[in-house]
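Engineer: My questions will all concern the structure given below.
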Amino acid sequence: MPVKVHIHLTHRRFTDGKEVVEAEGQTVGECLNHLIQQFPGMEKAIFAKKDKLHNIVEVYLNHASAHPNELAKPVKDGDEIHLILMLAGG
Amino acid sequence: MLTPDERERYDRQILIEQIGPEGQEKLKRSRVVIAGAGGLGSPIAIYLTAAGVGMIRLIDHDRVSLSNLNRQILHWEGDIGKKKVQSAATKLRNLNPGIKIEAIDETITEANVSHLLEGCDAIVDAMDNLSTRYILNRCAIEKNIPFFHGAIRGFEGRAMTILPGKTACLRCMYRGSVPEEKFPVIGVTPAVIGCIQATEVIKYLLGIGQLLTNRLLMYDGLEALFTEFAVNRNPECDHCGQIK
């Protein structure tokens with residue numbers, strides 16, 4: 001069973017409107033790369049450059065912050081990744 | 001001691017088992033700083049004033065403009081052009097003349113933040129930018145004063161409570177600078193998040209309930225969904241990492 005990646009509303013225009021995308025990999029980074037293989041528009045949406053997420057992108061693994069070193073965090077089948085955007089307004 | 005008028009004013013909340021007259025007296029003795037008198041600051045200030053928090057220090061450097069009025073409910077059409085803290089203080093004093101409102105028309109900076117937060121029991125984040133939030137976060141940690149974070153954008157919001165040296169701080173989640181923007185927002189979003197922050201402050205001051213510590217509460221108004229994420233202290237955090 002692959003990992004479920006929950007897509008933020010802002011990014012769903014890159015995933016054909018899908019809220020959840022299944023991805024495979026041994027780490028968060030590998031899963032995100034598999035997500036990008038399926039939906040190439042997600043690359044610029046979440047990565048500032050290779051292996052560097054935008055500062056505004058937060059990654060949660062199984063409802064817990066994966067920060068720091070998010071991309072290296074190991075995952076197993078059935079895990080859930082949430083991609084969330086930082087908020088700064090008030 | 002509560003006066004007869006105070007007993008009547010706060011009667012319905014004194015009836016709450018976890019508050020009672022002793023809790024109401026604690027609120028009366030409490031001093032809270034609200035940093036920002038805008039979208040988040042409005043509901044926070046209104047509900048802490050109504051609840052009878054004894055002293056509220058409201059800090060904001062801005063003036064009221066027409067484009068504020070969709071969400072900053074302490075400010076009305078006739079207040080356009082006035083200083084926000086003055087506009088807010090007038091309404092809050094009318095709502096509850098029995099508490100003290102300090103209106104401070106200043107920009108929060110590294111240089112003045114320690115003075116601005118002096119002598120308070122809680123600091124509430126009602127800012128509209130991350131850089132000032134980090135100034136407040138650092139000073140709250142240095143002074144060992146709880147910091148109540150909230151932020152919003154569009155229909156989304158988040159809240160987290162920070163007990164310095166004990167729970168994850170705002171900076172524990174820091175990934176680097178983020179450009180400031182003219183953020184989209186509808187008034188109901190800061191209303192929801194501001195009320196959550198005010199609830200957290202009241203719970204903390206009374207020592208009741210379960211705080212949003214090490215728990216980031218995310219609100220999605222479009223989906224009518226609250227989601228909680230665990231956040232832990234980052235030992236490498238440049239604000240709180242050295243505190244044992």
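Residue numbering restarts at 1 in every chain; chains get A, B, ... in the order shown in the structure tokens, and ligands count up from 1 in that same order.
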Within 10 Å of chain B, which residues belong to chain A? Use only C-alpha atoms and report them as a list in words.
Structural biologist: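 Written out as asked, the residues are Leu9, Leu53, His54, Asn55, Ile56, Val57, Glu58, Tyr60, Leu61, Asn62, His63, Ala64, Ser65, Ala66, His67, Pro68, His82, Ile84, Leu85, Met86, Leu87, Ala88, Gly89 and Gly90 of chain A.
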Engineer: Please list as a VMD selection string every residue within 12 Å of Gln210 (chain B), counting only C-alpha atoms and excluding residues in the same chain fewer than 2 positions away.
Structural biologist: chain B and resid 160 to 161 199 to 204 206 to 208 212 to 215
Engineer: Running DSSP on the backbone, which parts of region 24-173 of chain B land in helix (DSSP H, G or I), as a PyMOL selection string?
Structural biologist: chain B and resi 24-29+41-51+66-68+77-79+84-95+113-116+130-143+170-173
Engineer: Generate a file of the selected residues that holds C-alpha atoms, formatted as a JSON list (two decimals), in the first residue's frame.
Structural biologist:
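Output file part.json is given in full below:
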[["chain", "number", "residue", "atom", "x", "y", "z"],
["B", 24, "GLN", "CA", -13.07, 35.57, 37.83],
["B", 25, "GLU", "CA", -10.80, 37.24, 40.37],
["B", 26, "LYS", "CA", -7.79, 35.66, 38.62],
["B", 27, "LEU", "CA", -8.92, 37.17, 35.33],
["B", 28, "LYS", "CA", -9.34, 40.54, 37.05],
["B", 29, "ARG", "CA", -5.74, 40.38, 38.28],
["B", 41, "GLY", "CA", -6.62, 41.56, 17.40],
["B", 42, "SER", "CA", -10.26, 42.65, 17.17],
["B", 43, "PRO", "CA", -11.98, 39.45, 18.33],
["B", 44, "ILE", "CA", -9.17, 38.68, 20.79],
["B", 45, "ALA", "CA", -9.51, 42.10, 22.41],
["B", 46, "ILE", "CA", -13.32, 42.06, 22.41],
["B", 47, "TYR", "CA", -13.60, 38.68, 24.11],
["B", 48, "LEU", "CA", -10.82, 39.25, 26.64],
["B", 49, "THR", "CA", -12.41, 42.61, 27.49],
["B", 50, "ALA", "CA", -15.85, 41.05, 27.82],
["B", 51, "ALA", "CA", -14.42, 38.24, 29.96],
["B", 66, "LEU", "CA", -11.59, 51.48, 4.41],
["B", 67, "SER", "CA", -10.04, 48.19, 3.28],
["B", 68, "ASN", "CA", -9.70, 47.09, 6.94],
["B", 77, "GLU", "CA", -16.63, 53.60, 9.01],
["B", 78, "GLY", "CA", -16.39, 56.68, 11.22],
["B", 79, "ASP", "CA", -12.96, 55.57, 12.47],
["B", 84, "LYS", "CA", -6.23, 51.81, 15.40],
["B", 85, "VAL", "CA", -5.37, 51.60, 19.08],
["B", 86, "GLN", "CA", -7.46, 54.69, 19.81],
["B", 87, "SER", "CA", -10.38, 53.41, 17.75],
["B", 88, "ALA", "CA", -10.15, 50.05, 19.50],
["B", 89, "ALA", "CA", -9.69, 51.46, 23.00],
["B", 90, "THR", "CA", -12.84, 53.58, 22.68],
["B", 91, "LYS", "CA", -14.98, 50.54, 21.84],
["B", 92, "LEU", "CA", -13.37, 48.32, 24.45],
["B", 93, "ARG", "CA", -13.78, 50.91, 27.24],
["B", 94, "ASN", "CA", -17.44, 51.27, 26.30],
["B", 95, "LEU", "CA", -17.84, 47.50, 26.36],
["B", 113, "VAL", "CA", 9.82, 44.94, 22.42],
["B", 114, "SER", "CA", 11.17, 44.18, 25.89],
["B", 115, "HIS", "CA", 9.74, 47.43, 27.24],
["B", 116, "LEU", "CA", 6.40, 46.91, 25.47],
["B", 130, "LEU", "CA", 6.27, 36.82, 10.32],
["B", 131, "SER", "CA", 9.23, 39.06, 11.13],
["B", 132, "THR", "CA", 7.42, 40.79, 14.01],
["B", 133, "ARG", "CA", 6.06, 37.45, 15.18],
["B", 134, "TYR", "CA", 9.64, 36.22, 15.56],
["B", 135, "ILE", "CA", 10.58, 39.36, 17.52],
["B", 136, "LEU", "CA", 7.69, 38.64, 19.89],
["B", 137, "ASN", "CA", 8.51, 34.93, 20.04],
["B", 138, "ARG", "CA", 12.12, 35.57, 21.06],
["B", 139, "CYS", "CA", 11.20, 38.16, 23.68],
["B", 140, "ALA", "CA", 8.45, 35.92, 25.10],
["B", 141, "ILE", "CA", 11.03, 33.15, 25.53],
["B", 142, "GLU", "CA", 13.57, 35.49, 27.11],
["B", 143, "LYS", "CA", 10.97, 36.80, 29.56],
["B", 170, "LEU", "CA", 7.14, 29.49, 16.64],
["B", 171, "ARG", "CA", 10.77, 29.49, 15.59],
["B", 172, "CYS", "CA", 11.08, 25.71, 16.05],
["B", 173, "MET", "CA", 9.20, 25.49, 12.73]]
Engineer: Return the single residue from A:Phe39, A:Ile81, A:Lys73, A:Val59 that is closest to Arg13 (chain A), with distances computed using only C-alpha atoms.
Structural biologist: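 Once distances to Arg13 (chain A) are computed over only C-alpha atoms, the minimum belongs to A:Phe39.
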